[in-house]
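Right, one structure below, let's go through it.
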Amino acid sequence: MNCSSNTYREVLARITEALSKAGVPDASSDARILLEEDSGLDYSHLLMQMNEQLPEETAEKLHVHVAQRKKRIPLQQIIGYTEFMGLKFYVNEHVLCPRQDTEVLVEEALKKIKPGMKVLDLCTGSGCIAVSFAKLGFADVTATDISEDALAVARRNAQENGVDVHFFKGDLYNALPEQDRYDMIVSNPPYICTSVIDTLEPEVRDHEPRIALDGTADGLAFYRRIISDSGNYLKECGHLLFEIGYDQGTAVSELLRNNAYEDIQVIKDYSRNDRVVAARFTSQ
Ligand code: GLN
């Protein structure tokens with residue numbers, strides 16, 4: 001055997017160990033994904049090549065990407081995309097990476113959305129919710145975000161997924177050019193209590209945008225604001241759906257009950273944690 005041997009198998013073992021030593025959770029699956037990405041091979045082709053030598057060009061790319069992952073830069077930011085609702089989304093450091101938990105919100109909303117319905121997504125970030133509604137629910141979707149950098153990502157995601165979404169920059173409803181009424185408002189707003197942010201994994205704490213996470217001292221500021229103005233933007237019997245933190249179901253339900261909402265439902269995610277609150281608006 002050649003002593004400078006660098007087979008795919010050997011490289012995969014080495015980078016798995018390097019990531020694991022750096023404390024990266026899921027080191028072996030991240031190592032495999034980086035190797036697939038940098039070699040341009042899917043897993044079955046990778047398996048067939050395991051005893052071949054890794055090309056120099058792939059080794060160089062991999063070297064850079066493994067160094068980034070060791071610094072706990074999220075894998076999705078390194079490879080530049082993630083999957084959400086079976087669709088591909090571009091991501092960078094300006095947006096919260098779309099989470100599987102948020103698919104529960106989209107699935108609940110899709111049960112209620114009919115083609116052509118007017119839907120508003122507040123705090124759109126990467127645009128994952130808005131684009132999924134336009135693509136899978138054939139809805140007429142408007143989305144707002146306070147960050148221009150996030151909106152650039154959301155616009156790119158709408159374009160790459162071949163849908164039209166009306167994007168506006170600004171603070172929640174203030175971004176909208178005119179006061180309109182919607183069949184549904186959804187939001188996955190920042191909902192983490194400020195004091196909890198420093199206890200999160202480095203991938204989130206140090207590399208995802210703080211404005212996408214920070215829900216102020218009690219985590220509820222955005223729910224209060226979105227609910228209290230929602231009566232000006234929802235049609236009678238319109239739907240409001242939120243993603244929530246696992247311990248916010250009671251507090252958010254209470255806010256809705258105090259603001260002319262009924263049919264309030266708390267829905268769990270796949271880990272059996274409360275994750276979505278859905279309700280219907282009645283003007284009285
Ligand atoms: N709407 C985006 C998402 O669900 C961004 C949410 C946010 O930035 N808080 O991933």
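Just so we're on the same page: first chain in the structure tokens is A, next is B, and so on; residues restart at 1 for each chain, and ligands are numbered from 1 in the order they show up.
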Could you give me, as CSV, a per-residue list for chain A showing, wherever an atom lies at most 10 Å from an atom of ligand 1, the closest pair of atoms and their distance in Å to one decimal, using only C-alpha atoms and all ligand atoms and sorting by chain then residue number from low to high?
```
residue,atom,partner,partner_atom_place_in_ligand_line,distance
A:Phe84,CA,ligand 1,10 (O),9.5
A:His94,CA,ligand 1,8 (O),9.1
A:Val95,CA,ligand 1,8 (O),6.1
A:Leu96,CA,ligand 1,8 (O),5.0
A:Cys97,CA,ligand 1,10 (O),5.9
A:Pro98,CA,ligand 1,10 (O),4.2
A:Arg99,CA,ligand 1,10 (O),6.3
A:Gln100,CA,ligand 1,10 (O),9.3
A:Asp101,CA,ligand 1,4 (O),8.9
A:Thr102,CA,ligand 1,4 (O),5.8
A:Glu103,CA,ligand 1,4 (O),8.6
A:Leu105,CA,ligand 1,4 (O),8.8
A:Val106,CA,ligand 1,4 (O),9.3
A:Asp121,CA,ligand 1,1 (N),7.4
A:Leu122,CA,ligand 1,1 (N),7.2
A:Cys123,CA,ligand 1,1 (N),5.4
A:Thr124,CA,ligand 1,1 (N),3.9
A:Gly125,CA,ligand 1,5 (C),3.8
A:Ser126,CA,ligand 1,2 (C),5.6
A:Gly127,CA,ligand 1,1 (N),5.9
A:Cys128,CA,ligand 1,3 (C),5.9
A:Ile129,CA,ligand 1,1 (N),5.8
A:Ala130,CA,ligand 1,1 (N),7.8
A:Ala143,CA,ligand 1,1 (N),9.2
A:Thr144,CA,ligand 1,1 (N),9.5
A:Asp145,CA,ligand 1,8 (O),8.4
A:Ile146,CA,ligand 1,8 (O),9.8
A:Ser147,CA,ligand 1,8 (O),9.5
A:Ala150,CA,ligand 1,8 (O),8.4
A:Ala154,CA,ligand 1,2 (C),9.2
A:Val186,CA,ligand 1,1 (N),8.9
A:Ser187,CA,ligand 1,1 (N),6.4
A:Asn188,CA,ligand 1,6 (C),4.9
A:Pro189,CA,ligand 1,9 (N),4.2
A:Pro190,CA,ligand 1,9 (N),4.2
A:Tyr191,CA,ligand 1,9 (N),7.4
A:Ile192,CA,ligand 1,9 (N),9.4
A:Glu208,CA,ligand 1,8 (O),9.2
A:Pro209,CA,ligand 1,8 (O),7.9
A:Arg210,CA,ligand 1,8 (O),8.9
A:Ile211,CA,ligand 1,8 (O),7.3
A:Ala212,CA,ligand 1,8 (O),3.8
A:Leu213,CA,ligand 1,9 (N),5.7
A:Asp214,CA,ligand 1,9 (N),8.4
A:Gly215,CA,ligand 1,9 (N),9.0
A:Phe222,CA,ligand 1,9 (N),9.9
A:Phe242,CA,ligand 1,4 (O),9.8
A:Glu243,CA,ligand 1,4 (O),8.0
```
Residues of segment 32-276 of chain A in strand (DSSP E or B) according to DSSP, as a PyMOL selection string?
-> chain A and resi 53+81-84+87-90+118-122+140-145+166-169+182-187+192+214+234-243+261-268+274-276
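Between atom CA of Ala139 of chain A and atom CA of Ala109 of chain A lies a distance of 11.0 Å.
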Determine, counting only C-alpha atoms, which protein, DNA and RNA residues have an atom within 7 Å of an atom of Asp38 of chain A; residues of the same chain fewer than 2 positions away are not included. Present the result as a PDB file with N, CA, C and O atoms, in the first residue's frame.
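Listed below is the output, part_30.pdb:
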```pdb
ATOM      1  N   LEU A  34     -20.289  16.331   3.957  1.00  0.00           N
ATOM      2  CA  LEU A  34     -19.246  17.205   3.382  1.00  0.00           C
ATOM      3  C   LEU A  34     -18.482  16.472   2.266  1.00  0.00           C
ATOM      4  O   LEU A  34     -18.179  17.057   1.222  1.00  0.00           O
ATOM      5  N   LEU A  35     -18.213  15.186   2.491  1.00  0.00           N
ATOM      6  CA  LEU A  35     -17.490  14.423   1.459  1.00  0.00           C
ATOM      7  C   LEU A  35     -18.348  14.270   0.200  1.00  0.00           C
ATOM      8  O   LEU A  35     -17.857  14.438  -0.926  1.00  0.00           O
ATOM      9  N   GLU A  36     -19.620  13.998   0.376  1.00  0.00           N
ATOM     10  CA  GLU A  36     -20.529  13.879  -0.787  1.00  0.00           C
ATOM     11  C   GLU A  36     -20.570  15.205  -1.553  1.00  0.00           C
ATOM     12  O   GLU A  36     -20.480  15.248  -2.770  1.00  0.00           O
ATOM     13  N   GLY A  40     -19.004  15.725  -5.137  1.00  0.00           N
ATOM     14  CA  GLY A  40     -20.082  15.704  -6.129  1.00  0.00           C
ATOM     15  C   GLY A  40     -20.661  14.308  -6.303  1.00  0.00           C
ATOM     16  O   GLY A  40     -21.327  14.030  -7.302  1.00  0.00           O
ATOM     17  N   THR A  58     -10.714  17.819  -4.662  1.00  0.00           N
ATOM     18  CA  THR A  58     -11.733  17.527  -3.647  1.00  0.00           C
ATOM     19  C   THR A  58     -11.130  17.663  -2.253  1.00  0.00           C
ATOM     20  O   THR A  58     -11.752  18.220  -1.341  1.00  0.00           O
ATOM     21  N   LYS A  61     -10.979  21.351  -1.189  1.00  0.00           N
ATOM     22  CA  LYS A  61     -12.287  21.912  -0.785  1.00  0.00           C
ATOM     23  C   LYS A  61     -12.673  21.369   0.584  1.00  0.00           C
ATOM     24  O   LYS A  61     -13.142  22.102   1.465  1.00  0.00           O
ATOM     25  N   LEU A  62     -12.467  20.087   0.741  1.00  0.00           N
ATOM     26  CA  LEU A  62     -12.858  19.429   1.985  1.00  0.00           C
ATOM     27  C   LEU A  62     -12.086  19.988   3.177  1.00  0.00           C
ATOM     28  O   LEU A  62     -12.647  20.180   4.261  1.00  0.00           O
TER      29      LEU A  62
END
```
DSSP says helix (DSSP H, G or I) for which residues of segment 17-106 of chain A? Put them as JSON, numbers by chain?
-> {"A": [17, 18, 19, 20, 21, 27, 28, 29, 30, 31, 32, 33, 34, 35, 36, 37, 38, 39, 43, 44, 45, 46, 47, 48, 49, 56, 57, 58, 59, 60, 61, 62, 63, 64, 65, 66, 67, 68, 69, 70, 75, 76, 77, 78, 79, 100, 101, 102, 103, 104, 105, 106]}
For each of A:Leu240, A:Leu234, A:Val153, A:Cys193, take the minimum atom-to-atom distance to Ala217 of chain A, counting only C-alpha atoms, then give the residue where this is smallest.
-> A:Cys193
Hey, what's within 8 Å of Asp269 of chain A if we count only C-alpha atoms and toss same-chain stuff fewer than 6 positions away? As a ChimeraX atom specification, please?
-> /A:101,104,275-276
Prev. selection, N, CA and C atoms, output as a JSON list (two decimals), in the first residue's frame:
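After the write, selection17.json holds the following:
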```json
[["chain", "number", "residue", "atom", "x", "y", "z"],
["A", 101, "ASP", "N", -38.91, 21.29, 12.73],
["A", 101, "ASP", "CA", -40.06, 21.68, 13.57],
["A", 101, "ASP", "C", -41.02, 22.60, 12.81],
["A", 104, "VAL", "N", -43.97, 21.38, 10.74],
["A", 104, "VAL", "CA", -45.26, 21.12, 11.39],
["A", 104, "VAL", "C", -46.19, 22.32, 11.18],
["A", 275, "ARG", "N", -45.58, 22.79, 19.59],
["A", 275, "ARG", "CA", -44.78, 23.52, 18.59],
["A", 275, "ARG", "C", -45.57, 24.53, 17.77],
["A", 276, "VAL", "N", -46.89, 24.34, 17.67],
["A", 276, "VAL", "CA", -47.68, 25.24, 16.82],
["A", 276, "VAL", "C", -48.95, 25.61, 17.58]]
```
Which neighbours of Ala279 of chain A fall inside 6 Å, counting only C-alpha atoms, when residues of the same chain fewer than 3 positions from it are skipped, and could you give them as number ranges by chain?
-> A: 239-240, 262-264
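Those residues that approach Gln159 of chain A to within 12 Å, counting only C-alpha atoms, are Lys88, Phe89, Tyr90, Gly127, Val131, Ala134, Lys135, Ala152, Val153, Ala154, Arg155, Arg156, Gly162, Val163, Asp164, Val165, His166 and Phe167 of chain A; same-chain residues fewer than 3 positions away are not listed.
When only C-alpha atoms are used to measure the gap to Asp229 of chain A, the shortest distance among A:Val11, A:Ala27, A:Ala260, A:Ile113 belongs to A:Ala260.
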